[in-house]
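Trainee: Sharing query_7.csv below, CSV, C-alpha atoms:
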chain,number,residue,atom,x,y,z
A,1410,MET,CA,-91.5,83.7,-49.9
A,1411,ALA,CA,-92.4,87.3,-49.8
A,1412,GLU,CA,-95.9,87.8,-51.2
A,1413,SER,CA,-94.8,91.0,-53.0
A,1414,GLY,CA,-91.4,89.7,-54.1
A,1415,GLY,CA,-88.3,91.8,-53.3
A,1416,THR,CA,-84.6,92.1,-53.9
A,1417,GLY,CA,-81.8,90.1,-52.5
A,1418,ALA,CA,-80.0,86.9,-53.0
A,1419,GLY,CA,-81.8,83.7,-54.0
A,1420,LEU,CA,-84.4,82.7,-56.6
A,1421,TRP,CA,-87.3,82.6,-54.2
A,1422,GLN,CA,-86.6,86.0,-52.7
A,1423,ASP,CA,-86.8,87.6,-56.1
A,1424,SER,CA,-90.1,86.1,-57.2
A,1425,THR,CA,-93.7,86.0,-56.1
A,1426,PRO,CA,-96.3,83.3,-55.7
A,1427,GLU,CA,-98.1,84.6,-58.8
A,1428,GLY,CA,-94.8,84.2,-60.8
A,1429,VAL,CA,-94.3,80.5,-59.9
A,1430,LEU,CA,-96.0,78.1,-62.4
A,1431,ILE,CA,-96.1,74.4,-61.5
A,1432,THR,CA,-95.3,72.6,-64.8
A,1433,ALA,CA,-95.1,69.0,-63.5
A,1434,HIS,CA,-96.1,67.3,-60.2
A,1435,ALA,CA,-97.0,63.8,-59.0
A,1436,GLU,CA,-100.5,65.2,-58.3
A,1437,PRO,CA,-101.7,65.9,-61.9
A,1438,SER,CA,-104.3,68.5,-60.9
A,1439,LEU,CA,-101.6,70.9,-59.7
A,1440,ALA,CA,-99.8,71.1,-63.1
A,1441,GLY,CA,-100.5,74.3,-65.0
A,1442,ARG,CA,-101.4,76.3,-61.8
A,1443,THR,CA,-99.5,79.0,-60.1
A,1444,LEU,CA,-98.3,78.8,-56.5
A,1445,ALA,CA,-100.6,81.7,-55.6
A,1446,ASP,CA,-103.6,79.8,-57.1
A,1447,VAL,CA,-102.8,76.6,-55.2
A,1448,THR,CA,-102.2,78.6,-52.0
A,1449,ALA,CA,-105.6,80.2,-52.3
A,1450,ASP,CA,-107.5,77.0,-53.0
A,1451,PRO,CA,-108.5,75.0,-49.8
A,1452,ALA,CA,-109.0,71.8,-51.8
A,1453,ALA,CA,-105.5,72.1,-53.4
A,1454,ARG,CA,-103.9,72.9,-50.0
A,1455,ALA,CA,-105.6,69.8,-48.5
A,1456,LEU,CA,-103.9,67.6,-51.0
A,1457,MET,CA,-100.6,68.9,-49.6
A,1458,ALA,CA,-101.9,68.8,-46.0
A,1459,VAL,CA,-101.4,72.5,-45.5
A,1460,VAL,CA,-104.1,74.4,-43.6
A,1461,GLU,CA,-103.0,78.0,-43.7
A,1462,GLU,CA,-102.8,80.2,-46.7
A,1463,ASP,CA,-99.0,80.5,-46.6
A,1464,SER,CA,-97.3,80.2,-50.0
A,1465,TRP,CA,-93.9,79.2,-48.5
A,1466,GLU,CA,-95.5,76.3,-46.6
A,1467,VAL,CA,-97.4,75.3,-49.7
A,1468,ALA,CA,-94.1,75.4,-51.8
A,1469,CYS,CA,-92.3,73.3,-49.3
A,1470,ALA,CA,-95.2,70.8,-49.1
A,1471,LEU,CA,-95.3,70.6,-52.9
A,1472,ILE,CA,-91.6,69.7,-53.1
A,1473,ALA,CA,-91.8,67.3,-50.2
A,1474,ALA,CA,-94.7,65.5,-51.9
A,1475,ASP,CA,-92.8,65.3,-55.2
A,1476,PRO,CA,-89.0,66.2,-55.2
A,1477,ALA,CA,-89.0,65.8,-59.0
A,1478,ALA,CA,-91.7,68.4,-59.5
A,1479,THR,CA,-90.8,71.2,-62.0
A,1480,MET,CA,-91.8,74.8,-62.2
A,1481,VAL,CA,-91.2,78.0,-64.2
A,1482,VAL,CA,-90.3,81.1,-62.2
A,1483,SER,CA,-91.0,84.5,-63.9
A,1484,MET,CA,-88.4,87.0,-62.7
A,1485,MET,CA,-86.8,88.5,-65.8
A,1486,ALA,CA,-87.2,92.1,-66.9
A,1487,GLU,CA,-88.1,92.6,-70.6
A,1488,ASP,CA,-85.9,95.7,-70.9
A,1489,ASP,CA,-82.9,93.8,-69.8
A,1490,MET,CA,-83.7,91.0,-72.2
A,1491,THR,CA,-83.9,93.3,-75.2
A,1492,GLU,CA,-80.7,95.1,-74.3
A,1493,ILE,CA,-78.9,91.7,-74.0
A,1494,MET,CA,-80.3,90.5,-77.3
A,1495,ALA,CA,-79.1,93.7,-79.1
A,1496,ASP,CA,-75.5,93.2,-78.0
A,1497,PRO,CA,-73.4,92.0,-80.9
A,1498,LEU,CA,-71.5,89.7,-78.6
A,1499,ILE,CA,-74.6,87.7,-77.7
A,1500,GLY,CA,-75.7,84.7,-79.7
A,1501,LEU,CA,-79.1,82.9,-79.6
A,1502,GLY,CA,-79.6,79.4,-78.2
A,1503,SER,CA,-81.9,77.4,-76.0
A,1504,ASP,CA,-81.7,74.9,-73.2
A,1505,ASN,CA,-85.1,73.4,-73.9
A,1506,GLY,CA,-86.3,70.0,-72.6
A,1507,ALA,CA,-88.0,67.1,-74.3
A,1508,PRO,CA,-91.1,68.3,-76.3
A,1509,VAL,CA,-93.7,66.7,-74.0
A,1510,GLY,CA,-96.0,68.1,-71.3
A,1511,LEU,CA,-95.7,71.6,-69.9
A,1512,GLU,CA,-92.1,72.2,-71.0
A,1513,HIS,CA,-91.0,75.8,-71.4
A,1514,PRO,CA,-92.4,77.2,-74.7
A,1515,ARG,CA,-88.9,77.7,-76.0
A,1516,THR,CA,-88.9,74.0,-76.5
A,1517,TRP,CA,-91.2,74.5,-79.5
A,1518,GLY,CA,-90.6,78.1,-80.5
A,1519,CYS,CA,-87.3,79.6,-79.3
A,1520,PHE,CA,-86.1,80.8,-82.7
A,1521,PRO,CA,-89.4,81.6,-84.4
A,1522,ARG,CA,-90.4,83.7,-81.4
A,1523,PHE,CA,-87.2,85.6,-81.5
A,1524,LEU,CA,-87.6,86.3,-85.2
A,1525,GLY,CA,-91.3,87.2,-85.0
A,1526,THR,CA,-91.5,89.2,-81.8
A,1527,TYR,CA,-88.0,90.7,-81.4
A,1528,VAL,CA,-86.9,91.1,-85.0
A,1529,ARG,CA,-90.1,91.8,-87.0
A,1530,GLU,CA,-92.3,93.4,-84.4
A,1531,ARG,CA,-89.8,95.2,-82.1
A,1532,ALA,CA,-86.8,95.6,-84.5
A,1533,VAL,CA,-84.3,94.9,-81.7
A,1534,VAL,CA,-81.8,93.7,-84.4
A,1535,SER,CA,-81.9,93.5,-88.2
A,1536,TRP,CA,-82.8,90.3,-90.0
A,1537,GLU,CA,-79.2,89.8,-91.0
A,1538,GLU,CA,-77.9,90.2,-87.5
A,1539,ALA,CA,-80.6,87.9,-86.2
A,1540,VAL,CA,-79.6,85.2,-88.6
A,1541,ARG,CA,-75.9,85.6,-87.6
A,1542,LYS,CA,-76.8,85.4,-83.9
A,1543,MET,CA,-78.7,82.1,-84.5
A,1544,THR,CA,-76.1,80.5,-86.7
A,1545,SER,CA,-72.4,81.5,-87.2
A,1546,ALA,CA,-72.1,83.3,-83.9
A,1547,THR,CA,-73.1,80.2,-81.9
A,1548,ALA,CA,-71.2,77.8,-84.2
A,1549,ASP,CA,-68.0,79.8,-83.9
A,1550,GLN,CA,-68.3,80.0,-80.1
A,1551,PHE,CA,-68.4,76.2,-79.9
A,1552,ALA,CA,-65.9,75.6,-82.7
A,1553,LEU,CA,-68.4,73.7,-84.8
A,1554,ARG,CA,-66.6,73.5,-88.1
A,1555,GLY,CA,-68.7,73.8,-91.2
A,1556,ARG,CA,-71.7,74.9,-89.3
A,1557,GLY,CA,-73.5,78.2,-89.2
A,1558,TRP,CA,-72.7,79.4,-92.7
A,1559,LEU,CA,-73.3,78.4,-96.3
A,1560,GLY,CA,-70.6,77.9,-98.8
A,1561,PRO,CA,-68.2,75.3,-100.2
A,1562,GLY,CA,-67.2,72.8,-97.6
A,1563,ALA,CA,-70.0,73.7,-95.2
A,1564,TRP,CA,-72.8,71.3,-94.1
A,1565,ALA,CA,-76.1,72.0,-95.8
A,1566,ASP,CA,-78.0,73.1,-92.7
A,1567,ILE,CA,-80.7,75.4,-94.2
A,1568,CYS,CA,-83.9,77.0,-92.9
A,1569,VAL,CA,-86.2,78.9,-95.2
A,1570,PHE,CA,-88.8,81.0,-93.3
A,1571,ASP,CA,-91.3,83.7,-94.2
A,1572,PRO,CA,-90.3,86.9,-92.5
A,1573,GLY,CA,-93.9,88.2,-92.5
A,1574,ALA,CA,-95.3,85.1,-90.8
A,1575,VAL,CA,-92.6,83.5,-88.7
A,1576,GLY,CA,-93.5,83.4,-85.0
A,1577,HIS,CA,-94.7,81.3,-82.1
A,1578,SER,CA,-97.8,81.7,-80.0
A,1579,GLY,CA,-97.0,79.2,-77.3
A,1580,THR,CA,-97.5,80.1,-73.6
A,1581,TYR,CA,-96.4,78.6,-70.4
A,1582,THR,CA,-99.7,76.8,-70.0
A,1583,ALA,CA,-100.1,75.9,-73.7
A,1584,PRO,CA,-96.4,75.7,-74.9
A,1585,SER,CA,-96.7,73.2,-77.7
A,1586,ALA,CA,-98.2,75.6,-80.3
A,1587,ARG,CA,-96.9,75.0,-83.8
A,1588,PRO,CA,-94.4,77.6,-85.0
A,1589,SER,CA,-95.6,79.6,-88.0
A,1590,GLY,CA,-93.8,80.7,-91.1
A,1591,MET,CA,-91.3,77.9,-91.2
A,1592,VAL,CA,-91.3,76.8,-94.9
A,1593,HIS,CA,-88.4,74.4,-95.4
A,1594,VAL,CA,-85.7,72.9,-93.2
A,1595,LEU,CA,-82.7,70.9,-94.3
A,1596,LEU,CA,-80.2,69.1,-92.0
A,1597,GLU,CA,-77.0,68.1,-93.7
A,1598,GLY,CA,-78.9,68.3,-97.0
A,1599,HIS,CA,-81.8,66.1,-95.9
A,1600,VAL,CA,-85.2,67.7,-96.1
A,1601,VAL,CA,-86.9,67.4,-92.7
A,1602,VAL,CA,-89.6,70.1,-93.2
A,1603,GLU,CA,-91.1,70.7,-96.6
A,1604,SER,CA,-93.7,73.4,-97.3
A,1605,GLY,CA,-94.3,73.6,-93.6
A,1606,GLU,CA,-94.8,69.9,-93.0
A,1607,PHE,CA,-92.5,67.4,-91.2
A,1608,THR,CA,-91.3,64.9,-93.7
A,1609,GLY,CA,-90.5,62.1,-91.2
A,1610,GLU,CA,-86.8,62.5,-91.9
A,1611,ARG,CA,-84.7,62.6,-88.7
A,1612,GLY,CA,-81.4,64.1,-89.6
A,1613,GLY,CA,-80.4,65.7,-86.3
A,1614,ARG,CA,-77.4,64.4,-84.2
A,1615,VAL,CA,-75.2,65.5,-81.4
A,1616,LEU,CA,-72.5,67.9,-82.6
A,1617,ARG,CA,-69.1,68.1,-80.9
A,1618,PRO,CA,-66.1,70.4,-81.7
Show me, as structure tokens, the structure contained in the file I just sent.

Mentor:
Amino acid sequence: MAESGGTGAGLWQDSTPEGVLITAHAEPSLAGRTLADVTADPAARALMAVVEEDSWEVACALIAADPAATMVVSMMAEDDMTEIMADPLIGLGSDNGAPVGLEHPRTWGCFPRFLGTYVRERAVVSWEEAVRKMTSATADQFALRGRGWLGPGAWADICVFDPGAVGHSGTYTAPSARPSGMVHVLLEGHVVVESGEFTGERGGRVLRP
């Protein structure tokens, strides 16, 4: 892995040791640390039986010690992201994991962060367009009938949020921050969040076209 990153094919070649965050490993003391941090720490390298400060050797040793280890690699450009978000053909969605441990912060705050950071603060799209991207645009793409819009014959999937407060402060090392500004949530007419509090009602289910 190039210490300064670089262009070319392959995930590793386009990243840097500072941009690789270990999110889960069989050795718990390594989770939440970057590859650069582990490489520079003699005690951490000793756990992996690596002597030299070589990030590639450390990465290989980490994977060899725990093939199921997970990481987050920072390599996207913010300008590219905002340009993609603004395109009317692009909907909003998330491939988040289970809400435990150091999962990606989108697991807890994908949509609140979009609304707070990219709509309210940066005005990448209007509120109306943001709602369309998160609802009907995605539902139509996957042919989910009765979803993504409100009207006769539609499922009562409703989210009420405060535009001035909605957001998410989660980070890669502290991802499970509670979203702000989410007032009420209904799934198929069942109230699952009321006045900002989870009601205990579990109304979610797998949807298929």

Trainee: Just want the 12 Å neighbourhood of stretch 1462-1467 of chain A, counted on only C-alpha atoms, with same-chain residues fewer than 4 positions away dropped. Output as a PyMOL selection string.

Mentor: chain A and resi 1410-1414+1421-1422+1424-1429+1431+1439+1443-1458+1471-1474

Trainee: For atom CA of A:Gly1557 and atom CA of A:Val1540, determine how far apart the two atoms are, in Å to one decimal place.

Mentor: 9.3 Å

Trainee: What would the list of residues within 12 Å of (-78.2, 92.0, -77.1) (file frame) look like as a ChimeraX atom specification, if all atoms listed in the file are what count?

Mentor: /A:1487-1501,1523,1527-1528,1532-1535,1538-1539,1542

Trainee: Show which residues sit within 7 Å of A:Asn1505, as a ChimeraX atom specification. Count all atoms listed in the file, and ignore same-chain residues fewer than 2 positions away.

Mentor: /A:1503,1507,1513,1515-1516

Trainee: Determine, counting only C-alpha atoms, which protein, DNA and RNA residues have an atom within 12 Å of an atom of A:Gly1576; residues of the same chain fewer than 3 positions away are not included. Present the result as a PyMOL selection string.

Mentor: chain A and resi 1515+1517-1530+1570-1573+1579+1586-1591
